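Okay, coords-v5.txt is below, compact mmCIF, C-alpha atoms:
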```txt
# COMPACT_ATOMS: atom_id res chain seq x y z
CA MET H 36 -1.08 -17.92 3.73
CA PRO H 37 1.37 -18.74 0.95
CA THR H 38 0.78 -17.37 -2.45
CA GLN H 39 2.17 -18.34 -5.77
CA ILE H 40 2.61 -16.86 -9.23
CA LEU H 41 0.13 -14.03 -9.13
CA PRO H 42 -2.33 -13.59 -12.00
CA PHE H 43 -1.75 -9.90 -12.59
CA SER H 44 -2.97 -8.09 -15.67
CA TYR H 45 -1.17 -5.05 -16.94
CA LEU H 46 -2.13 -2.45 -19.52
CA PRO H 47 1.18 -1.12 -20.88
CA PRO H 48 1.54 2.62 -21.41
CA PRO H 49 1.14 3.88 -24.97
CA LYS H 50 4.83 4.61 -25.39
CA SER H 51 6.41 1.61 -23.68
CA PRO H 52 9.88 0.78 -25.04
CA PRO H 53 10.34 -2.25 -27.30
CA LEU H 54 11.37 -5.55 -25.73
CA ALA H 55 14.90 -5.18 -27.04
CA LYS H 56 15.37 -2.20 -24.75
CA GLN H 57 13.93 -3.80 -21.66
CA ALA H 58 17.36 -5.11 -20.76
CA MET H 59 18.08 -1.54 -19.70
CA TYR H 60 15.30 -1.48 -17.13
CA LYS H 61 16.35 -0.69 -13.58
CA PRO H 62 14.44 -1.57 -10.39
CA LEU H 63 11.45 0.72 -10.01
CA LEU H 64 12.58 1.75 -6.54
CA SER H 65 16.05 2.83 -5.58
CA ARG H 66 18.09 0.34 -3.56
CA ALA H 67 21.06 0.69 -1.28
CA SER H 68 23.14 -1.53 -3.53
CA SER H 69 22.06 -1.87 -7.15
CA PHE H 70 23.13 -4.43 -9.71
CA ASN H 71 26.18 -3.41 -11.69
CA GLY H 72 25.36 -4.33 -15.27
CA SER H 73 28.73 -3.15 -16.57
CA ALA H 74 30.32 -6.45 -15.59
CA LEU H 75 28.24 -8.16 -18.22
CA ALA H 76 28.40 -5.36 -20.74
CA THR H 77 32.18 -5.68 -20.99
CA ASN H 78 32.36 -9.45 -20.89
CA GLY H 79 30.55 -11.94 -23.05
CA GLY H 80 29.31 -15.45 -22.34
CA GLY H 81 30.68 -17.25 -19.30
CA GLY H 82 33.33 -14.60 -18.67
CA GLY H 83 30.63 -11.99 -18.05
CA LEU H 84 28.93 -14.28 -15.56
CA THR H 85 32.19 -14.92 -13.73
CA ALA H 86 33.02 -11.21 -13.60
CA TRP H 87 29.54 -10.48 -12.27
CA TYR H 88 30.03 -12.93 -9.40
CA HIS H 89 33.48 -11.53 -8.55
CA ASN H 90 32.06 -8.00 -8.39
CA LYS H 91 29.17 -9.27 -6.30
CA ARG H 92 31.52 -10.97 -3.84
CA ARG H 93 33.58 -7.83 -3.42
CA ARG H 94 30.44 -5.88 -2.61
CA SER H 95 29.22 -8.54 -0.19
CA ASN H 96 32.36 -8.21 1.90
CA SER H 97 31.85 -4.48 2.35
CA ASP H 98 28.13 -4.35 3.10
CA ASN H 99 27.38 -7.52 5.02
CA ASN H 100 24.56 -6.49 7.32
CA CYS H 101 23.82 -9.91 8.84
CA LEU H 102 23.52 -10.17 12.59
CA SER H 103 24.91 -13.71 12.69
CA ALA H 104 28.16 -12.60 14.29
CA LEU H 105 26.42 -10.37 16.84
CA PRO H 106 24.72 -11.33 20.08
CA ASP H 107 21.16 -12.58 19.76
CA ARG H 108 18.74 -9.67 19.42
CA THR H 109 14.98 -9.79 19.11
CA ASN H 110 12.41 -7.07 18.85
CA GLY H 111 10.47 -8.19 21.87
CA THR H 112 7.71 -9.89 19.87
CA ASP H 113 9.26 -13.32 19.66
CA GLY H 114 6.96 -14.83 22.25
CA GLY H 115 9.44 -14.47 25.12
CA ASP H 116 8.60 -13.47 28.67
CA ASP H 117 9.16 -9.77 27.92
CA SER H 118 6.63 -9.75 25.08
CA THR H 119 3.55 -7.62 25.68
CA ILE H 120 0.25 -7.23 23.92
CA ALA H 121 1.07 -3.59 23.19
CA GLN H 122 4.28 -4.59 21.42
CA ASP H 123 2.44 -7.23 19.40
CA VAL H 124 -0.24 -4.76 18.32
CA SER H 125 2.34 -2.09 17.48
CA HIS H 126 4.39 -4.51 15.39
CA ALA H 127 1.32 -5.87 13.58
CA ALA H 128 0.15 -2.33 12.80
CA ALA H 129 3.57 -1.35 11.45
CA GLU H 130 3.76 -4.40 9.19
CA THR H 131 0.18 -3.91 8.00
CA PHE H 132 0.99 -0.32 7.06
CA LEU H 133 4.13 -1.44 5.24
CA LEU H 134 2.35 -4.14 3.25
CA THR H 135 -0.53 -1.81 2.39
CA ARG H 136 1.85 0.90 1.18
CA LEU H 137 3.76 -1.56 -0.98
CA CYS H 138 0.57 -3.01 -2.46
CA LEU H 139 -0.66 0.47 -3.39
CA LYS H 140 2.70 1.26 -4.93
CA LEU H 141 2.58 -1.99 -6.89
CA LEU H 142 -0.94 -1.30 -8.16
CA SER H 143 0.24 2.02 -9.55
CA TYR H 144 2.67 0.05 -11.73
CA LEU H 145 0.27 -2.70 -12.73
CA GLY H 146 -2.77 -0.72 -13.74
CA VAL H 147 -6.18 -2.40 -13.79
CA GLY H 148 -7.28 -4.72 -16.60
CA TYR H 149 -10.09 -7.17 -17.20
CA ARG H 150 -7.93 -10.24 -16.64
CA TRP H 151 -6.49 -8.81 -13.42
CA ILE H 152 -9.97 -8.04 -12.07
CA THR H 153 -11.40 -11.47 -12.88
CA ARG H 154 -8.47 -13.33 -11.39
CA PHE H 155 -8.46 -11.13 -8.32
CA MET H 156 -12.10 -12.12 -7.82
CA ALA H 157 -11.10 -15.77 -8.22
CA LEU H 158 -8.41 -15.24 -5.59
CA GLY H 159 -11.01 -13.78 -3.23
CA CYS H 160 -13.29 -16.80 -3.71
CA TYR H 161 -10.34 -19.14 -3.22
CA ALA H 162 -9.35 -17.47 0.05
CA PHE H 163 -12.96 -17.48 1.26
CA LEU H 164 -13.31 -21.23 0.68
CA LEU H 165 -10.14 -21.95 2.63
CA MET H 166 -10.95 -19.44 5.37
CA PRO H 167 -11.89 -22.10 7.99
CA GLY H 168 -8.36 -23.45 7.71
CA PHE H 169 -6.74 -20.01 7.62
CA LEU H 170 -8.52 -19.00 10.84
CA GLN H 171 -7.36 -22.09 12.71
CA VAL H 172 -3.78 -21.75 11.52
CA GLY H 173 -3.86 -18.02 12.28
CA TYR H 174 -5.02 -18.71 15.84
CA TYR H 175 -2.11 -21.12 16.28
CA TYR H 176 0.33 -18.58 14.83
CA PHE H 177 -0.68 -15.73 17.14
CA PHE H 178 -1.47 -17.58 20.36
CA SER H 179 0.66 -20.73 20.49
CA PRO H 180 3.43 -20.55 23.12
CA HIS H 181 5.59 -22.62 20.76
CA VAL H 182 5.79 -19.92 18.08
CA ARG H 183 8.51 -17.27 18.41
CA ARG H 184 7.48 -14.46 16.10
CA SER H 185 9.58 -11.77 14.45
CA ILE H 186 13.08 -12.53 15.66
CA VAL H 187 15.38 -9.91 14.15
CA TYR H 188 18.20 -11.34 12.01
CA GLY H 189 19.46 -8.25 10.15
CA ASP H 190 19.22 -4.47 9.96
CA GLN H 191 17.18 -4.18 6.74
CA PRO H 192 13.38 -3.78 6.61
CA ARG H 193 11.59 -7.10 7.16
CA ASN H 194 14.76 -8.85 8.35
CA ARG H 195 12.79 -11.03 10.74
CA LEU H 196 12.00 -14.71 11.08
CA ASP H 197 9.49 -16.89 12.92
CA LEU H 198 10.42 -20.04 14.83
CA TYR H 199 8.09 -23.00 15.30
CA LEU H 200 9.33 -25.07 18.24
CA PRO H 201 8.31 -28.64 19.13
CA LYS H 202 6.51 -29.24 22.41
CA ASN H 203 9.14 -31.81 23.29
CA SER H 204 12.34 -30.01 24.29
CA ASP H 205 14.44 -33.11 24.96
CA GLY H 206 17.69 -32.91 23.02
CA PRO H 207 18.65 -30.77 20.01
CA LYS H 208 16.17 -30.84 17.12
CA PRO H 209 16.70 -30.83 13.35
CA VAL H 210 15.92 -27.53 11.68
CA VAL H 211 14.22 -26.55 8.41
CA ALA H 212 15.00 -23.01 7.25
CA PHE H 213 12.04 -22.09 5.05
CA VAL H 214 11.76 -19.29 2.46
CA THR H 215 8.11 -18.63 1.61
CA GLY H 216 6.67 -17.99 -1.84
CA GLY H 217 4.70 -15.03 -3.12
CA ALA H 218 5.71 -14.30 -6.73
CA TRP H 219 8.63 -12.19 -5.42
CA ILE H 220 5.95 -9.58 -4.58
CA ILE H 221 3.85 -10.56 -1.54
CA GLY H 222 5.92 -13.21 0.21
CA TYR H 223 5.59 -13.14 4.00
CA LYS H 224 6.98 -15.28 6.80
CA ALA H 225 3.53 -16.14 8.19
CA TRP H 226 2.71 -17.97 4.94
CA GLY H 227 4.79 -20.85 6.32
CA SER H 228 2.74 -21.26 9.51
CA LEU H 229 0.89 -24.38 8.30
CA LEU H 230 4.16 -26.10 7.39
CA GLY H 231 5.70 -24.91 10.66
CA GLN H 232 2.85 -26.34 12.69
CA GLN H 233 3.01 -29.67 10.88
CA LEU H 234 6.77 -30.18 11.14
CA SER H 235 7.01 -29.00 14.75
CA GLU H 236 4.51 -31.73 15.65
CA ARG H 237 7.11 -34.20 14.37
CA ASP H 238 9.94 -32.78 16.53
CA ILE H 239 11.40 -30.54 13.80
CA ILE H 240 12.10 -26.83 14.30
CA VAL H 241 10.98 -24.61 11.43
CA ALA H 242 12.43 -21.14 10.84
CA CYS H 243 10.38 -19.06 8.35
CA ILE H 244 12.52 -16.28 6.91
CA ASP H 245 10.94 -12.99 5.86
CA TYR H 246 12.58 -10.87 3.17
CA ARG H 247 12.10 -7.66 1.21
CA ASN H 248 9.63 -8.02 -1.67
CA PHE H 249 9.28 -6.01 -4.85
CA PRO H 250 8.95 -3.03 -5.09
CA GLN H 251 10.66 -2.58 -1.72
CA GLY H 252 13.61 -4.50 -3.13
CA SER H 253 14.64 -6.52 -6.16
CA ILE H 254 16.00 -10.05 -6.49
CA SER H 255 19.52 -9.33 -5.21
CA ASP H 256 17.99 -7.81 -2.04
CA MET H 257 15.86 -10.92 -1.57
CA VAL H 258 18.88 -13.20 -1.96
CA LYS H 259 20.90 -11.07 0.45
CA ASP H 260 18.08 -11.15 3.03
CA ALA H 261 17.68 -14.92 2.71
CA SER H 262 21.43 -15.38 3.16
CA CYS H 263 21.41 -13.24 6.31
CA GLY H 264 18.48 -15.24 7.68
CA ILE H 265 20.24 -18.54 7.01
CA SER H 266 23.38 -17.17 8.62
CA TYR H 267 21.44 -16.26 11.76
CA ILE H 268 19.92 -19.72 11.93
CA CYS H 269 23.27 -21.46 11.48
CA ASN H 270 24.89 -19.39 14.22
CA HIS H 271 22.04 -19.05 16.74
CA ILE H 272 19.65 -21.97 16.37
CA ALA H 273 21.32 -23.86 19.23
CA GLU H 274 20.01 -21.15 21.58
CA TYR H 275 16.47 -22.28 20.70
CA GLY H 276 17.11 -26.01 21.02
CA GLY H 277 18.08 -26.64 17.41
CA ASP H 278 20.90 -28.85 16.19
CA PRO H 279 23.36 -26.73 14.11
CA ASN H 280 24.60 -29.94 12.49
CA ARG H 281 21.15 -30.82 11.11
CA ILE H 282 19.97 -27.79 9.17
CA TYR H 283 17.93 -28.15 5.97
CA LEU H 284 17.09 -25.36 3.53
CA MET H 285 13.65 -25.29 1.91
CA GLY H 286 11.73 -22.91 -0.35
CA GLN H 287 8.33 -22.90 -2.02
CA SER H 288 7.47 -21.37 -5.41
CA ALA H 289 9.30 -18.00 -5.66
CA GLY H 290 10.88 -18.87 -2.30
CA ALA H 291 12.33 -22.03 -3.84
CA HIS H 292 13.99 -19.90 -6.50
CA ILE H 293 15.32 -17.40 -3.93
CA ALA H 294 16.64 -20.17 -1.67
CA ALA H 295 18.33 -21.94 -4.60
CA CYS H 296 19.93 -18.67 -5.75
CA THR H 297 21.15 -18.07 -2.20
CA LEU H 298 22.66 -21.54 -1.91
CA VAL H 299 24.42 -21.37 -5.28
CA ASP H 300 25.67 -17.85 -4.56
CA GLN H 301 27.08 -19.02 -1.23
CA VAL H 302 28.99 -21.84 -2.90
CA VAL H 303 30.41 -19.35 -5.42
CA LYS H 304 31.57 -17.14 -2.55
CA GLU H 305 33.24 -20.08 -0.85
CA SER H 306 35.13 -20.96 -4.01
CA GLY H 307 36.68 -17.48 -4.15
CA GLU H 308 39.85 -16.38 -2.43
CA GLY H 309 39.74 -14.16 0.64
CA ASP H 310 35.96 -13.98 0.85
CA SER H 311 34.58 -13.80 4.38
CA VAL H 312 31.41 -15.81 4.97
CA SER H 313 29.19 -16.06 8.04
CA TRP H 314 27.81 -19.49 7.09
CA THR H 315 28.86 -22.25 4.73
CA SER H 316 27.04 -24.56 2.35
CA SER H 317 28.46 -27.53 4.27
CA GLN H 318 26.15 -26.57 7.18
CA ILE H 319 23.13 -27.34 4.97
CA ASN H 320 22.34 -31.07 4.97
CA ALA H 321 20.00 -30.87 1.98
CA TYR H 322 17.95 -28.45 -0.08
CA PHE H 323 14.20 -29.01 -0.59
CA GLY H 324 12.63 -27.14 -3.50
CA LEU H 325 8.83 -27.18 -3.63
CA SER H 326 7.19 -26.12 -6.92
CA GLY H 327 10.09 -23.86 -7.87
CA GLY H 328 11.52 -22.49 -11.09
CA TYR H 329 15.29 -22.48 -11.64
CA ASN H 330 15.74 -21.29 -15.24
CA LEU H 331 14.17 -17.86 -15.63
CA LEU H 332 15.01 -17.60 -19.33
CA SER H 333 12.70 -20.52 -20.02
CA LEU H 334 9.97 -19.22 -17.70
CA VAL H 335 9.70 -15.50 -18.47
CA ASP H 336 7.25 -16.03 -21.35
CA HIS H 337 5.22 -18.49 -19.30
CA PHE H 338 4.96 -16.00 -16.43
CA HIS H 339 3.91 -13.31 -18.90
CA SER H 340 1.09 -15.51 -20.18
CA ARG H 341 0.01 -16.19 -16.59
CA GLY H 342 -0.28 -12.49 -15.73
CA LEU H 343 3.14 -11.69 -14.22
CA TYR H 344 3.95 -9.37 -17.08
CA ARG H 345 7.38 -9.12 -18.62
CA SER H 346 7.96 -5.48 -17.69
CA ILE H 347 7.23 -6.14 -14.02
CA PHE H 348 9.19 -9.40 -13.97
CA LEU H 349 12.27 -7.80 -15.54
CA SER H 350 12.14 -5.02 -12.96
CA ILE H 351 12.05 -7.61 -10.18
CA MET H 352 15.01 -9.43 -11.74
CA GLU H 353 17.01 -6.23 -12.38
CA GLY H 354 16.81 -6.35 -16.16
CA GLU H 355 16.81 -8.95 -18.89
CA GLU H 356 20.59 -9.27 -18.77
CA SER H 357 20.34 -10.53 -15.18
CA LEU H 358 17.98 -13.45 -15.86
CA SER H 359 20.83 -15.91 -16.41
CA GLN H 360 22.68 -14.76 -13.27
CA PHE H 361 19.59 -15.47 -11.17
CA SER H 362 18.90 -18.84 -12.82
CA PRO H 363 20.64 -21.53 -10.71
CA GLU H 364 20.25 -24.09 -13.50
CA LEU H 365 22.26 -21.86 -15.85
CA VAL H 366 24.85 -20.76 -13.28
CA VAL H 367 25.97 -24.32 -12.52
CA GLN H 368 26.50 -24.93 -16.26
CA ASN H 369 28.91 -22.03 -16.68
CA PRO H 370 32.31 -23.55 -17.62
CA ASN H 371 34.06 -21.27 -15.15
CA LEU H 372 31.72 -22.19 -12.29
CA ASN H 373 30.51 -25.75 -12.82
CA HIS H 374 33.08 -27.00 -10.29
CA ILE H 375 30.75 -25.63 -7.59
CA VAL H 376 28.28 -28.49 -8.16
CA ALA H 377 30.43 -30.82 -6.07
CA ARG H 378 30.08 -28.43 -3.11
CA LEU H 379 26.28 -28.32 -3.22
CA PRO H 380 24.32 -30.39 -0.69
CA PRO H 381 21.85 -33.00 -1.96
CA ILE H 382 19.06 -31.32 -3.93
CA ILE H 383 15.55 -32.78 -3.59
CA LEU H 384 12.79 -31.20 -5.68
CA PHE H 385 9.05 -31.71 -5.09
CA HIS H 386 6.53 -30.82 -7.79
CA GLY H 387 2.96 -31.57 -8.84
CA THR H 388 2.42 -32.76 -12.41
CA ALA H 389 -0.70 -30.55 -12.79
CA ASP H 390 1.11 -27.38 -11.72
CA TYR H 391 0.37 -24.71 -14.33
CA SER H 392 1.86 -21.77 -12.37
CA ILE H 393 5.36 -23.28 -12.65
CA PRO H 394 5.38 -26.47 -14.76
CA SER H 395 6.96 -29.56 -13.23
CA ASP H 396 9.42 -29.60 -16.15
CA ALA H 397 11.24 -26.79 -14.33
CA SER H 398 12.20 -29.12 -11.49
CA LYS H 399 12.95 -32.05 -13.79
CA SER H 400 15.27 -29.96 -15.94
CA PHE H 401 17.21 -28.61 -12.94
CA ALA H 402 17.64 -32.06 -11.43
CA GLU H 403 18.78 -33.55 -14.75
CA THR H 404 21.33 -30.75 -15.17
CA LEU H 405 22.76 -31.32 -11.70
CA GLN H 406 22.93 -35.08 -12.23
CA ARG H 407 24.71 -34.64 -15.55
CA LEU H 408 27.30 -32.44 -13.81
CA GLY H 409 27.87 -34.97 -11.05
CA GLY H 410 25.62 -33.45 -8.40
CA LYS H 411 23.26 -35.25 -6.05
CA ALA H 412 19.72 -34.43 -7.14
CA GLU H 413 16.34 -36.08 -7.44
CA VAL H 414 12.76 -35.13 -8.30
CA ILE H 415 9.68 -36.39 -6.49
CA LEU H 416 6.56 -35.85 -8.61
CA TYR H 417 2.97 -35.96 -7.36
CA GLU H 418 0.49 -37.00 -10.03
CA GLY H 419 -2.38 -34.60 -10.61
CA LYS H 420 -1.29 -32.10 -7.96
CA THR H 421 -1.42 -28.36 -8.67
CA HIS H 422 0.70 -25.48 -7.40
CA THR H 423 -1.43 -25.06 -4.27
CA ASP H 424 -2.53 -28.67 -3.69
CA LEU H 425 0.79 -29.70 -2.18
CA PHE H 426 1.20 -26.68 0.08
CA LEU H 427 -2.37 -25.80 1.07
CA GLN H 428 -5.24 -28.07 0.12
CA ASP H 429 -3.59 -31.38 1.00
CA PRO H 430 -2.38 -30.28 4.47
CA MET H 431 -5.82 -28.81 5.21
CA ARG H 432 -7.48 -32.05 4.12
CA GLY H 433 -6.12 -33.85 7.18
CA GLY H 434 -5.08 -37.48 7.37
CA VAL H 435 -1.67 -38.54 6.08
CA ASP H 436 -0.01 -36.01 3.77
CA GLU H 437 2.20 -37.74 1.19
CA MET H 438 4.59 -34.86 0.50
CA PHE H 439 4.83 -33.96 4.17
CA GLU H 440 5.79 -37.53 5.03
CA ASP H 441 8.44 -37.46 2.28
CA ILE H 442 10.01 -34.37 3.87
CA VAL H 443 9.91 -35.90 7.32
CA SER H 444 11.57 -39.09 6.06
CA GLU H 445 14.40 -37.02 4.55
CA VAL H 446 14.95 -34.99 7.72
CA LEU H 447 14.49 -37.85 10.21
CA GLY H 448 15.80 -40.62 7.97
CA GLY H 449 18.20 -41.82 10.65
CA ASP H 450 15.39 -42.31 13.16
CA SER H 451 13.22 -45.08 11.73
CA GLU H 452 11.02 -45.19 14.83
CA VAL H 453 10.03 -41.52 14.50
CA VAL H 454 9.63 -41.71 10.73
CA GLY H 455 7.33 -44.71 11.02
CA LYS H 456 4.96 -42.81 13.30
CA SER H 457 2.94 -40.98 10.64
CA VAL H 458 0.53 -38.45 12.13
CA ASP H 459 -3.11 -38.66 11.08
CA ARG H 460 -3.85 -34.93 11.28
CA ARG H 461 -7.36 -33.55 11.75
CA ARG H 462 -9.23 -31.96 8.86
CA LEU H 463 -9.26 -28.14 8.76
CA VAL H 464 -11.61 -27.57 5.80
CA PRO H 465 -14.59 -29.65 4.57
CA GLU H 466 -13.90 -31.69 1.46
CA PHE H 467 -16.49 -29.97 -0.74
CA MET H 468 -14.90 -26.57 0.00
CA LEU H 469 -11.46 -27.93 -0.86
CA LYS H 470 -12.74 -29.22 -4.19
CA LEU H 471 -14.36 -25.89 -4.97
CA ALA H 472 -11.13 -24.10 -4.02
CA HIS H 473 -9.22 -26.38 -6.39
CA TRP H 474 -11.65 -25.46 -9.18
CA VAL H 475 -11.61 -21.65 -8.67
CA SER H 476 -7.93 -21.31 -7.77
CA PRO H 477 -6.21 -18.72 -10.00
CA PHE H 478 -2.80 -20.30 -9.39
```

Let's see the structure in the file written out as structure tokens.
Amino acid sequence: MPTQILPFSYLPPPKSPPLAKQAMYKPLLSRASSFNGSALATNGGGGGLTAWYHNKRRRSNSDNNCLSALPDRTNGTDGGDDSTIAQDVSHAAAETFLLTRLCLKLLSYLGVGYRWITRFMALGCYAFLLMPGFLQVGYYYFFSPHVRRSIVYGDQPRNRLDLYLPKNSDGPKPVVAFVTGGAWIIGYKAWGSLLGQQLSERDIIVACIDYRNFPQGSISDMVKDASCGISYICNHIAEYGGDPNRIYLMGQSAGAHIAACTLVDQVVKESGEGDSVSWTSSQINAYFGLSGGYNLLSLVDHFHSRGLYRSIFLSIMEGEESLSQFSPELVVQNPNLNHIVARLPPIILFHGTADYSIPSDASKSFAETLQRLGGKAEVILYEGKTHTDLFLQDPMRGGVDEMFEDIVSEVLGGDSEVVGKSVDRRRLVPEFMLKLAHWVSPF
């Protein structure tokens, strides 16, 4: 299920470099296309940011690996008629091996400390308390005929997405392209299965996009993967009963940051001359950001205090000098790029006021910046809700989910009859277990 800012502890090596030199850090694993820091080293202020984007656009034209322009291809595990149990088992085993290998590699970087151990135990208790809900959602994910799993959208590792299709197949359906959270480290497409199940019950298709995590890739790889996944959805969703004119982009936690970076980057590409794009920002009706952070410079110290240590975070973000380039709130304020705000779709940010993994001020600040620059943005705050309440505990509680209904009203706003039919969903986890999970949650 979805995870948020992870409470890692890290014991730095005896001879770690001073913070002033951490701007020189490179990703801990080699990548096919690495960030070119020279664009910023030779240009100061806004000019450096503009040069960085121009270099990035030139690279994107030469190594676009999206499958959006190719015929539809799946790996045989998308729930179609050709899918077999052997293929499902083989694919699950391969992904389990991949995730295990990456976790072991990550642990070699993190080391083991007291805080990490205690919070890992809290995470185990949290998962145990919510296990009744996880099992029911997992059964739906693996056995529902309305879930198309692991549709291939690109040629990079983990370039797959899951589709959650409504039972009613009458007419084209609106689509939510969802980027899951996971602290940029353990995000996974199946984390969106609860949201996919909920929205598909209201006649909305959900596409959960998987992407490379650290240390398999760094932030630019994640943005590139998300862009390829969105491109596939924009160009192929009609084949699955979706309406290509009603596509919404959504992300949660780290996924909200990745999705926002992808959207802003796409608008920058469109504003350039001669850039080829496989999808456009005009195809996105609105962006929904759930519990996200959009200004990394203001969050890096907070993440460090929460256990996502600075050295790891800077490696994920390709060095300290890249934090501003991967902060959508800062990019739109660049004097050479702030004209892109007019091209952005409406931005709607959801956040709990008791969120201590990513404070709600992160969403408020981003929305205020966009509004000041003439963009369409709003924040919907939920009093007393934490980072996981909105995405896990509340949906598992059953009944009417306030945030879920807000999303449905935005997507189906033109259909008052459907919006008015709120679904009183069944409870997945007993109330006392949900309250205990809220108390022990490390997020």

Would you list the residues near (-0.7, -28.3, -11.5), meaning any protein, DNA or RNA residue with an atom at most 7 Å from that point in file coordinates, counting only C-alpha atoms, as number ranges by chain? H: 387-391, 419-422

Separation of CA of Tyr283 (chain H) from CA of Asn320 (chain H) in Å: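 Separation of CA of Asn320 (chain H) and CA of Tyr283 (chain H): 5.4 Å.
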
I'd like to know which of H:Gln318, H:Ser333, H:Ser362, H:Ser228 is closest to Asp396 (chain H), using all atoms listed in the file. H:Ser333

Name the closest residue to Ser313 (chain H) among the candidates H:Val258, H:Met352, H:Cys263, H:Ile293; distances are taken between atoms, counting all atoms listed in the file.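 Among the listed residues, H:Cys263 lies closest to Ser313 (chain H).
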
When you count only C-alpha atoms, which of these residues is closest to Arg193 (chain H): H:Asn248, H:Ser340, H:Ser311, H:Asn373?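 The answer is H:Asn248, which sits nearest to Arg193 (chain H).
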